[in-house]
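A.B. asks: This is final15.cif, which holds mmCIF, C-alpha atoms:
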data_work
loop_
_atom_site.label_atom_id
_atom_site.label_comp_id
_atom_site.auth_asym_id
_atom_site.auth_seq_id
_atom_site.Cartn_x
_atom_site.Cartn_y
_atom_site.Cartn_z
CA MET M 1 31.09 27.26 -61.26
CA ARG M 2 33.68 26.07 -63.75
CA HIS M 3 35.36 22.82 -64.67
CA PHE M 4 38.62 22.33 -62.76
CA GLY M 5 37.53 25.22 -60.52
CA HIS M 6 38.57 23.16 -57.48
CA ILE M 7 42.18 23.38 -58.64
CA PRO M 8 44.13 26.43 -57.36
CA PRO M 9 44.52 29.23 -59.96
CA ALA M 10 48.29 28.85 -60.19
CA ALA M 11 47.98 25.13 -60.96
CA ARG M 12 45.26 25.80 -63.55
CA LYS M 13 47.49 28.34 -65.25
CA GLY M 14 50.17 25.69 -65.61
CA LEU M 15 47.73 23.24 -67.18
CA PHE M 16 45.70 25.34 -69.59
CA HIS M 17 46.45 27.29 -72.73
CA GLN M 18 42.84 28.53 -72.41
CA GLU M 19 41.14 28.04 -69.06
CA PRO M 20 37.56 26.71 -68.76
CA CYS M 21 34.92 29.43 -68.62
CA GLU M 22 32.71 30.20 -65.64
CA PHE M 23 29.00 29.42 -65.91
CA THR M 24 25.88 29.36 -63.76
CA ALA M 25 22.53 27.60 -63.84
CA GLY M 26 21.27 30.66 -65.71
CA SER M 27 23.81 30.42 -68.54
CA PRO M 28 22.53 29.75 -72.08
CA ALA M 29 21.27 26.20 -72.65
CA ARG M 30 23.79 25.62 -75.44
CA LEU M 31 26.63 26.24 -72.99
CA LEU M 32 25.07 24.24 -70.15
CA SER M 33 24.41 21.20 -72.32
CA ALA M 34 28.10 21.06 -73.25
CA ALA M 35 29.19 21.75 -69.66
CA LEU M 36 27.28 18.87 -68.02
CA GLY M 37 30.38 16.68 -68.16
CA ALA M 38 30.28 13.69 -65.84
CA THR M 39 26.74 13.76 -64.44
CA LEU M 40 26.86 11.91 -61.13
CA TYR M 41 23.76 9.98 -60.03
CA SER M 42 22.89 9.57 -56.35
CA PRO M 43 19.89 7.89 -54.70
CA ALA M 44 17.57 10.48 -53.15
CA THR M 45 17.33 8.30 -50.02
CA ARG M 46 20.81 9.24 -48.74
CA PRO M 47 20.34 10.74 -45.25
CA ARG M 48 23.29 13.17 -45.64
CA LEU M 49 22.56 14.07 -49.24
CA ALA M 50 23.12 17.81 -48.72
CA ASP M 51 26.58 17.12 -47.27
CA ASP M 52 27.37 14.81 -50.18
CA VAL M 53 26.38 17.47 -52.70
CA ARG M 54 28.56 20.11 -51.05
CA LYS M 55 31.53 17.75 -50.77
CA LEU M 56 31.27 16.63 -54.40
CA ALA M 57 30.98 20.23 -55.62
CA GLY M 58 34.30 20.85 -53.89
CA ARG M 59 35.83 17.94 -55.81
CA GLY M 60 34.90 19.19 -59.25
CA VAL M 61 31.43 17.70 -59.85
CA VAL M 62 29.32 20.21 -61.80
CA SER M 63 26.12 18.22 -62.47
CA MET M 64 24.20 15.69 -60.36
CA VAL M 65 21.00 13.69 -60.65
CA LEU M 66 19.17 12.87 -57.42
CA CYS M 67 17.28 9.72 -58.26
CA LEU M 68 13.75 8.72 -57.27
CA GLU M 69 13.54 5.98 -59.89
CA ASP M 70 15.52 2.77 -60.46
CA SER M 71 18.20 3.39 -57.82
CA ILE M 72 15.67 3.12 -54.96
CA HIS M 73 13.14 0.48 -53.93
CA ASP M 74 9.51 0.99 -54.93
CA ALA M 75 8.53 1.16 -51.26
CA GLU M 76 11.01 3.98 -50.59
CA VAL M 77 9.60 6.60 -52.97
CA GLU M 78 7.50 8.54 -50.46
CA ASP M 79 10.31 8.73 -47.91
CA ALA M 80 12.81 9.62 -50.63
CA GLU M 81 10.66 12.54 -51.79
CA ALA M 82 10.41 13.86 -48.22
CA ASN M 83 14.17 13.47 -47.78
CA LEU M 84 14.79 15.31 -51.04
CA VAL M 85 12.70 18.28 -49.88
CA ARG M 86 14.57 18.38 -46.54
CA GLN M 87 17.99 18.18 -48.18
CA PHE M 88 17.20 20.98 -50.65
CA ALA M 89 16.04 23.13 -47.73
CA ASP M 90 19.31 22.35 -45.92
CA LEU M 91 21.39 23.35 -48.95
CA ASP M 92 19.36 26.53 -49.38
CA GLU M 93 19.64 27.49 -45.71
CA ARG M 94 23.41 27.06 -45.75
CA GLY M 95 23.76 29.09 -48.93
CA ALA M 96 25.85 26.27 -50.31
CA GLU M 97 27.35 26.40 -53.78
CA THR M 98 25.93 23.40 -55.59
CA PRO M 99 26.39 21.66 -58.91
CA LEU M 100 23.57 21.76 -61.45
CA LEU M 101 20.96 19.62 -59.67
CA PHE M 102 18.37 17.49 -61.44
CA VAL M 103 15.78 15.09 -60.01
CA ARG M 104 14.98 11.82 -61.74
CA VAL M 105 11.29 11.14 -61.27
CA ARG M 106 9.09 8.14 -62.00
CA GLU M 107 5.82 9.75 -63.07
CA PRO M 108 4.79 13.14 -64.52
CA ASP M 109 2.70 14.11 -61.49
CA GLN M 110 5.82 14.11 -59.31
CA ILE M 111 7.23 17.13 -61.15
CA PRO M 112 4.69 19.85 -60.16
CA ASP M 113 4.24 18.23 -56.74
CA LEU M 114 7.95 18.34 -55.93
CA VAL M 115 8.33 21.89 -57.24
CA ARG M 116 5.49 22.98 -54.95
CA ARG M 117 6.96 21.17 -51.94
CA LEU M 118 10.45 22.57 -52.52
CA GLY M 119 9.17 26.11 -52.02
CA GLY M 120 11.97 28.69 -52.11
CA SER M 121 14.70 26.07 -52.37
CA VAL M 122 13.50 25.34 -55.92
CA ARG M 123 16.05 27.99 -56.91
CA LEU M 124 18.69 25.24 -56.55
CA LEU M 125 16.88 22.94 -59.00
CA SER M 126 17.95 22.94 -62.66
CA GLY M 127 15.38 20.43 -63.90
CA PHE M 128 14.22 16.85 -64.15
CA VAL M 129 15.41 13.60 -65.71
CA LEU M 130 12.55 11.84 -67.51
CA PRO M 131 12.82 8.02 -67.59
CA LYS M 132 11.84 5.57 -70.36
CA PHE M 133 11.04 8.41 -72.71
CA THR M 134 8.79 7.83 -75.72
CA GLU M 135 6.52 10.27 -77.54
CA GLU M 136 3.39 9.27 -75.62
CA ARG M 137 4.98 8.90 -72.21
CA GLY M 138 7.42 11.77 -72.71
CA THR M 139 4.83 14.33 -73.77
CA ALA M 140 3.06 13.94 -70.41
CA PHE M 141 6.36 14.57 -68.61
CA LEU M 142 7.12 17.65 -70.71
CA GLU M 143 3.66 19.08 -70.16
CA ALA M 144 4.08 18.58 -66.41
CA LEU M 145 7.45 20.32 -66.59
CA ALA M 146 5.90 23.31 -68.38
CA GLU M 147 3.23 23.50 -65.68
CA ALA M 148 5.83 23.40 -62.90
CA GLU M 149 8.00 25.97 -64.62
CA ALA M 150 5.08 28.39 -64.88
CA ALA M 151 4.21 27.84 -61.22
CA CYS M 152 7.70 28.51 -59.85
CA GLY M 153 8.70 31.22 -62.31
CA ARG M 154 12.13 29.84 -63.17
CA THR M 155 13.62 27.84 -66.02
CA LEU M 156 13.51 24.08 -65.52
CA TYR M 157 15.24 21.83 -68.02
CA ALA M 158 14.36 18.30 -69.10
CA MET M 159 16.82 15.48 -69.72
CA PRO M 160 14.86 12.60 -71.28
CA VAL M 161 16.36 9.13 -70.91
CA LEU M 162 16.17 6.98 -74.04
CA GLU M 163 15.90 3.45 -72.66
CA SER M 164 12.52 1.98 -73.63
CA PRO M 165 12.16 -1.50 -75.20
CA GLU M 166 10.34 0.11 -78.16
CA LEU M 167 13.54 1.99 -78.97
CA LEU M 168 15.68 -1.12 -78.64
CA HIS M 169 13.53 -3.51 -80.69
CA LEU M 170 14.27 -3.27 -84.39
CA GLU M 171 10.65 -3.54 -85.55
CA THR M 172 9.57 -0.49 -83.52
CA ARG M 173 12.76 1.57 -83.48
CA THR M 174 12.16 3.86 -86.44
CA GLU M 175 8.64 4.76 -85.36
CA THR M 176 9.76 5.29 -81.77
CA LEU M 177 12.68 7.50 -82.77
CA THR M 178 10.45 9.57 -85.02
CA GLY M 179 7.98 10.05 -82.16
CA ILE M 180 10.73 11.03 -79.73
CA ALA M 181 12.08 13.53 -82.26
CA ASN M 182 8.62 15.09 -82.59
CA ALA M 183 8.18 15.38 -78.81
CA VAL M 184 11.56 16.91 -78.02
CA ASP M 185 11.42 19.27 -80.98
CA LYS M 186 8.11 20.68 -79.74
CA TYR M 187 9.71 21.44 -76.36
CA ARG M 188 13.19 22.18 -77.72
CA GLU M 189 13.84 25.16 -75.42
CA ARG M 190 13.33 22.94 -72.36
CA VAL M 191 15.37 19.90 -73.46
CA LEU M 192 18.93 20.34 -72.23
CA ALA M 193 20.26 16.92 -73.29
CA LEU M 194 19.18 13.39 -74.15
CA ARG M 195 20.60 10.59 -72.01
CA LEU M 196 21.11 6.95 -73.08
CA GLY M 197 19.92 4.17 -70.76
CA VAL M 198 22.25 1.41 -71.91
CA THR M 199 21.75 -0.72 -68.77
CA ASP M 200 18.06 -1.08 -69.66
CA PHE M 201 18.99 -1.99 -73.25
CA CYS M 202 21.28 -4.77 -72.02
CA SER M 203 18.65 -5.95 -69.54
CA ALA M 204 16.14 -6.62 -72.31
CA TYR M 205 18.45 -9.36 -73.64
CA GLY M 206 19.96 -10.53 -70.35
CA LEU M 207 23.32 -8.95 -71.19
CA ARG M 208 25.96 -7.20 -69.09
CA ARG M 209 29.27 -5.99 -70.46
CA SER M 210 32.45 -6.86 -68.57
CA PRO M 211 35.07 -4.29 -67.46
CA ASP M 212 37.06 -5.18 -70.59
CA MET M 213 34.24 -4.24 -72.95
CA THR M 214 32.67 -0.92 -73.88
CA ALA M 215 29.05 -0.31 -74.84
CA TYR M 216 30.24 -0.25 -78.44
CA ASP M 217 31.40 -3.88 -78.19
CA VAL M 218 27.81 -4.96 -77.52
CA ARG M 219 26.46 -4.87 -81.06
CA ILE M 220 22.79 -4.53 -80.14
CA VAL M 221 23.57 -1.51 -77.97
CA ALA M 222 25.98 0.02 -80.50
CA GLY M 223 23.26 -0.18 -83.15
CA VAL M 224 20.81 1.76 -80.97
CA ILE M 225 23.39 4.43 -80.15
CA ALA M 226 24.16 4.87 -83.85
CA ASP M 227 20.47 5.25 -84.74
CA VAL M 228 19.83 7.71 -81.89
CA VAL M 229 22.72 9.90 -83.04
CA ASN M 230 21.58 9.54 -86.66
CA VAL M 231 18.12 10.94 -85.89
CA LEU M 232 18.66 13.16 -82.85
CA GLY M 233 22.32 14.22 -82.91
CA ARG M 234 22.67 15.94 -86.27
CA ALA M 235 24.94 18.98 -86.58
CA ASP M 236 22.57 20.92 -88.83
CA GLY M 237 20.83 22.76 -86.01
CA THR M 238 18.11 20.15 -85.49
CA GLY M 239 20.13 17.91 -83.15
CA PHE M 240 20.50 17.72 -79.38
CA THR M 241 23.35 16.99 -77.02
CA ILE M 242 23.37 13.23 -76.40
CA THR M 243 25.30 12.02 -73.38
CA GLY M 244 27.39 8.88 -73.04
CA PRO M 245 26.11 5.75 -71.24
CA VAL M 246 26.89 4.79 -67.67
CA TRP M 247 30.04 2.86 -66.72
CA GLU M 248 29.17 0.31 -64.03
CA TYR M 249 32.55 -0.65 -62.56
CA PHE M 250 34.70 0.97 -59.87
CA ARG M 251 37.29 0.06 -57.24
CA LEU M 252 36.31 0.74 -53.66
CA GLN M 253 39.89 1.47 -52.64
CA GLU M 254 40.10 4.12 -55.39
CA ARG M 255 43.71 3.18 -56.18
CA MET M 256 43.91 5.00 -59.47
CA PHE M 257 47.43 4.48 -60.84
CA LYS M 258 50.09 1.97 -61.83
CA PRO M 259 53.80 2.81 -61.82
CA GLN M 260 54.48 2.52 -65.57
CA LEU M 261 54.17 6.17 -66.56
CA ARG M 262 56.26 9.15 -65.54
CA ARG M 263 55.59 11.14 -62.40
CA SER M 264 53.55 14.32 -62.67
CA PRO M 265 54.58 17.49 -60.75
CA PHE M 266 51.01 17.64 -59.46
CA LEU M 267 51.56 14.42 -57.49
CA GLU M 268 54.09 15.92 -55.08
CA GLY M 269 53.18 15.33 -51.45
CA ARG M 270 50.33 12.89 -52.18
CA ALA M 271 49.76 9.38 -50.87
CA GLU M 272 51.25 6.36 -52.58
CA GLU M 273 48.22 5.71 -54.78
CA LEU M 274 48.77 9.13 -56.37
CA ARG M 275 52.48 8.47 -56.93
CA THR M 276 51.88 6.11 -59.79
CA ALA M 277 50.90 6.60 -63.34
CA LEU M 278 48.26 4.79 -65.40
CA ILE M 279 44.64 3.92 -64.76
CA GLU M 280 44.05 0.51 -63.23
CA HIS M 281 42.50 -2.28 -65.27
CA ASP M 282 38.93 -1.50 -64.20
CA LEU M 283 39.19 1.99 -65.67
CA ASP M 284 40.87 1.03 -68.94
CA GLY M 285 37.44 0.20 -70.34
CA LEU M 286 36.02 3.50 -69.09
CA LEU M 287 38.76 5.46 -70.85
CA ARG M 288 38.18 3.60 -74.12
CA GLU M 289 34.44 4.15 -73.83
CA ILE M 290 34.83 7.90 -73.24
CA GLU M 291 36.92 8.19 -76.39
CA LEU M 292 34.39 6.13 -78.34
CA ASP M 293 31.55 8.27 -76.99
CA ARG M 294 33.13 11.35 -78.53
CA ALA M 295 34.01 9.57 -81.78
CA ASN M 296 30.33 8.59 -82.08
CA GLY M 297 28.92 12.06 -81.44
CA LEU M 298 28.19 11.90 -77.69
CA MET M 299 29.20 14.51 -75.10
CA GLY M 300 29.39 14.07 -71.33
CA LYS M 301 28.61 10.85 -69.48
CA THR M 302 26.31 9.35 -66.88
CA CYS M 303 28.34 8.32 -63.80
CA ILE M 304 27.43 6.29 -60.73
CA HIS M 305 30.67 6.66 -58.75
CA PRO M 306 32.76 9.75 -57.91
CA SER M 307 35.94 8.06 -59.14
CA HIS M 308 34.58 8.24 -62.70
CA VAL M 309 34.26 12.02 -62.71
CA PRO M 310 37.96 13.04 -63.00
CA PRO M 311 38.69 10.77 -66.00
CA VAL M 312 35.60 12.00 -67.86
CA HIS M 313 36.56 15.63 -67.30
CA ALA M 314 40.26 15.12 -68.05
CA LEU M 315 39.42 13.48 -71.37
CA SER M 316 36.95 16.28 -72.18
CA VAL M 317 39.66 18.95 -72.21
CA VAL M 318 40.52 20.00 -75.76
CA SER M 319 44.11 19.31 -76.76
CA HIS M 320 46.24 22.13 -78.09
CA GLU M 321 46.37 20.35 -81.45
CA GLU M 322 42.58 20.03 -81.70
CA PHE M 323 42.21 23.70 -80.76
CA SER M 324 44.73 24.77 -83.37
CA ASP M 325 42.95 22.78 -86.10
CA ALA M 326 39.52 24.11 -85.11
CA GLN M 327 40.70 27.71 -85.09
CA ASP M 328 42.33 27.33 -88.51
CA ILE M 329 39.19 25.82 -90.01
CA LEU M 330 36.93 28.59 -88.67
CA ARG M 331 39.05 31.59 -89.68
CA PRO M 332 36.86 34.10 -91.59
CA GLU M 333 39.13 33.94 -94.62
CA ARG M 334 38.36 30.20 -94.88
CA ASP M 335 34.61 30.71 -95.36
CA GLY M 336 34.90 29.84 -99.02
CA GLY M 337 36.25 26.38 -98.23
CA GLY M 338 39.44 24.71 -99.34
CA VAL M 339 42.02 22.38 -97.86
CA LEU M 340 45.00 23.35 -95.68
CA ARG M 341 47.80 21.59 -93.90
CA SER M 342 47.43 21.62 -90.12
CA ALA M 343 49.76 23.73 -88.00
CA TYR M 344 51.04 20.46 -86.53
CA THR M 345 51.84 19.34 -90.13
CA ASN M 346 50.37 15.88 -89.56
CA LYS M 347 46.99 16.10 -91.30
CA MET M 348 44.90 17.96 -93.84
CA ASN M 349 42.01 20.12 -92.63
CA GLU M 350 39.20 20.33 -95.19
CA VAL M 351 37.30 23.48 -94.28
CA LYS M 352 33.70 22.72 -95.28
CA PRO M 353 33.45 19.06 -94.14
CA HIS M 354 35.28 19.79 -90.86
CA ARG M 355 33.40 23.00 -89.96
CA ALA M 356 30.78 21.34 -87.73
CA TRP M 357 33.51 19.39 -85.91
CA ALA M 358 35.46 22.62 -85.39
CA GLU M 359 32.43 24.44 -84.00
CA ARG M 360 31.72 21.61 -81.58
CA THR M 361 35.38 21.49 -80.55
CA LEU M 362 35.50 25.22 -79.76
CA LEU M 363 32.33 24.89 -77.65
CA ARG M 364 34.01 22.07 -75.71
CA ALA M 365 37.12 24.26 -75.41
CA GLU M 366 35.02 27.03 -73.91
CA VAL M 367 33.63 24.87 -71.09
CA PHE M 368 36.49 22.41 -70.49
CA GLY M 369 39.45 24.53 -71.56
CA VAL M 370 42.42 23.90 -73.84
CA ALA M 371 45.48 22.09 -72.51
CA ARG M 372 48.95 23.51 -72.96
CA GLU M 373 51.05 21.85 -75.65
CA ASP M 374 53.03 19.76 -73.16
CA VAL M 375 50.07 18.83 -70.94
CA GLY M 376 48.23 15.55 -71.46
CA PHE M 377 45.59 13.38 -69.81
CA VAL M 378 47.79 12.18 -66.93
CA GLU M 379 48.65 15.72 -65.84
CA LEU M 380 45.03 16.85 -66.04
CA LEU M 381 43.77 13.82 -64.14
CA THR M 382 46.37 13.88 -61.39
CA ALA M 383 46.02 17.63 -60.86
CA GLY M 384 42.30 17.14 -60.24
CA LEU M 385 42.82 14.19 -57.92
CA ALA M 386 45.48 15.99 -55.90
CA GLN M 387 42.99 18.52 -54.51
#
When written as structure tokens, how does the structure in this file appear?

C.D. replies:
Amino acid sequence: MRHFGHIPPAARKGLFHQEPCEFTAGSPARLLSAALGATLYSPATRPRLADDVRKLAGRGVVSMVLCLEDSIHDAEVEDAEANLVRQFADLDERGAETPLLFVRVREPDQIPDLVRRLGGSVRLLSGFVLPKFTEERGTAFLEALAEAEAACGRTLYAMPVLESPELLHLETRTETLTGIANAVDKYRERVLALRLGVTDFCSAYGLRRSPDMTAYDVRIVAGVIADVVNVLGRADGTGFTITGPVWEYFRLQERMFKPQLRRSPFLEGRAEELRTALIEHDLDGLLREIELDRANGLMGKTCIHPSHVPPVHALSVVSHEEFSDAQDILRPERDGGGVLRSAYTNKMNEVKPHRAWAERTLLRAEVFGVAREDVGFVELLTAGLAQ
């Protein structure tokens, strides 16, 4: 699989200075954690889940979470588990190409039980999402994951969700973060990414952000994100990939553009909603939040609607200017440090302070590609939507 792989090769060539790389579920964890992109959640109760997975893979989705936790009713868990096993068997029987598939469980015991019940179709499973993760609760999940991994003989990754009240409340936050850091460090090779459960944070105070506001406008939430990145997202080799929070709003009619911006050549022959130019009001907040995610050290994003996937991926592509700066900073002859004017002559690149940023940027360039000089967000988004 690859990002923008659903776009024909000729169109990709016109968009990218450096095309996104190909990867598989067996690729190195460092690459996979950066490649998660927009991770789309779906309730495990959906009766045509296998068809949904195949269809979404054809539209550019590269990672999905099939949820047995908050997205379904407590009384539905047993039926949802049985449905999940059937749908995996269906996908396996058809030999379908799938995104990276994760299952969000409720309790540790579900992990080895589901792996056993999946049988041979476990080959399609990349791992599990672990809810309300703390040191005490999370260690039990990670031990269960290790047991299941040994039983099935394949790598299974964990994606803990940081959403517990102990993490939100100021008086317990430092202790909770320290405990989480201890737990994930012990199982570092199994932890693919850490996910932020911002909806649960807001719930603890009866809050809900409007479409005009990002998670960073809610000060209580912004404070937690900052502390999580401070402890768990460091660029010194001890940190983890931390993904951006969910965006809750979408338009059912999926009318994605307004007529203010110029036409893109990738819109030719499409319906009227693709003949316009800027994201509708409901997605303005999403776009701002994606940019703020990256500015605050997060990569990728939890998504609950397919319409959110193309904007997340389009904004994840590295610009030609970013790529140029990163390459200049990491040239071998710059190892001693120093300051240089950027090739775009609009900024100074200070080699030592900007090295970690440059390394992260080139990793993002590897999985999402580098846009051509004259290609921007609108072209990348509309090309993906036109398929």

A.B. asks: For the PyMOL selection byres ((chain M and resi 328) around 9), applied here, can you spell out every residue it catches as a list of chain:residue names?

C.D. replies: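 Output from the PyMOL selection byres ((chain M and resi 328) around 9), applied to this file: M:Phe323, M:Ser324, M:Asp325, M:Ala326, M:Gln327, M:Ile329, M:Leu330, M:Arg331, M:Arg334, M:Leu340, M:Ser342, M:Ala343, M:Asn349, M:Val351, M:Ala358.
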
A.B. asks: Put those residues in a file: C-alpha atoms, as an mmCIF file, in the coordinates of the input.

C.D. replies:
data_model
loop_
_atom_site.group_PDB
_atom_site.id
_atom_site.type_symbol
_atom_site.label_atom_id
_atom_site.label_comp_id
_atom_site.auth_asym_id
_atom_site.auth_seq_id
_atom_site.Cartn_x
_atom_site.Cartn_y
_atom_site.Cartn_z
ATOM 1 C CA PHE M 323 42.210 23.700 -80.760
ATOM 2 C CA SER M 324 44.730 24.770 -83.370
ATOM 3 C CA ASP M 325 42.950 22.780 -86.100
ATOM 4 C CA ALA M 326 39.520 24.110 -85.110
ATOM 5 C CA GLN M 327 40.700 27.710 -85.090
ATOM 6 C CA ILE M 329 39.190 25.820 -90.010
ATOM 7 C CA LEU M 330 36.930 28.590 -88.670
ATOM 8 C CA ARG M 331 39.050 31.590 -89.680
ATOM 9 C CA ARG M 334 38.360 30.200 -94.880
ATOM 10 C CA LEU M 340 45.000 23.350 -95.680
ATOM 11 C CA SER M 342 47.430 21.620 -90.120
ATOM 12 C CA ALA M 343 49.760 23.730 -88.000
ATOM 13 C CA ASN M 349 42.010 20.120 -92.630
ATOM 14 C CA VAL M 351 37.300 23.480 -94.280
ATOM 15 C CA ALA M 358 35.460 22.620 -85.390
#

A.B. asks: What is the CA of Gly95 (chain M) to CA of Arg54 (chain M) distance in Å?

C.D. replies: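 CA of Arg54 (chain M) lies at a distance of 10.4 Å from CA of Gly95 (chain M).
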
A.B. asks: Adding 3 Å on each side of the box along x, y and z that holds all listed atoms of region 282-290 of chain M, could you give its centre and edge lengths in Å to one decimal, as AutoDock Vina command-line options?

C.D. replies:
--center_x 37.7 --center_y 3.2 --center_z -69.2 --size_x 12.4 --size_y 15.4 --size_z 15.9

A.B. asks: I would like the residues chosen by the PyMOL selection byres ((chain M and resi 369) around 8) on the shown file; could you give them as an MDAnalysis selection string?

C.D. replies: chainID M and resid 16:21 317:318 364:368 370:371

A.B. asks: Expressed in Å to a single decimal, how great is the separation between CA of Glu166 (chain M) and CA of Leu207 (chain M)?

C.D. replies: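 So the two atoms, CA of Glu166 (chain M) and CA of Leu207 (chain M), lie 17.3 Å apart.
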
A.B. asks: Separation of CA of Gly244 (chain M) and CA of Ala181 (chain M), in Å?

C.D. replies: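 Computing it gives 18.5 Å between the two atoms.
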
A.B. asks: At a cut-off of 9 Å, using only C-alpha atoms, what residues contact Leu381 (chain M)? Leave out same-chain residues fewer than 2 positions from it and give the result as a tab-separated table (two decimals) with C-alpha atoms, in the frame of the given file.

C.D. replies:
chain	number	residue	atom	x	y	z
M	310	PRO	CA	37.96	13.04	-63.00
M	311	PRO	CA	38.69	10.77	-66.00
M	313	HIS	CA	36.56	15.63	-67.30
M	314	ALA	CA	40.26	15.12	-68.05
M	315	LEU	CA	39.42	13.48	-71.37
M	376	GLY	CA	48.23	15.55	-71.46
M	377	PHE	CA	45.59	13.38	-69.81
M	378	VAL	CA	47.79	12.18	-66.93
M	379	GLU	CA	48.65	15.72	-65.84
M	383	ALA	CA	46.02	17.63	-60.86
M	384	GLY	CA	42.30	17.14	-60.24
M	385	LEU	CA	42.82	14.19	-57.92
M	386	ALA	CA	45.48	15.99	-55.90

A.B. asks: Between M:Glu322, M:Glu143, M:Glu22, M:Asp284, which is the closest to Lys186 (chain M) once you count all atoms listed in the file?

C.D. replies: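 Looking at the shortest contact to Lys186 (chain M), the residue is M:Glu143.
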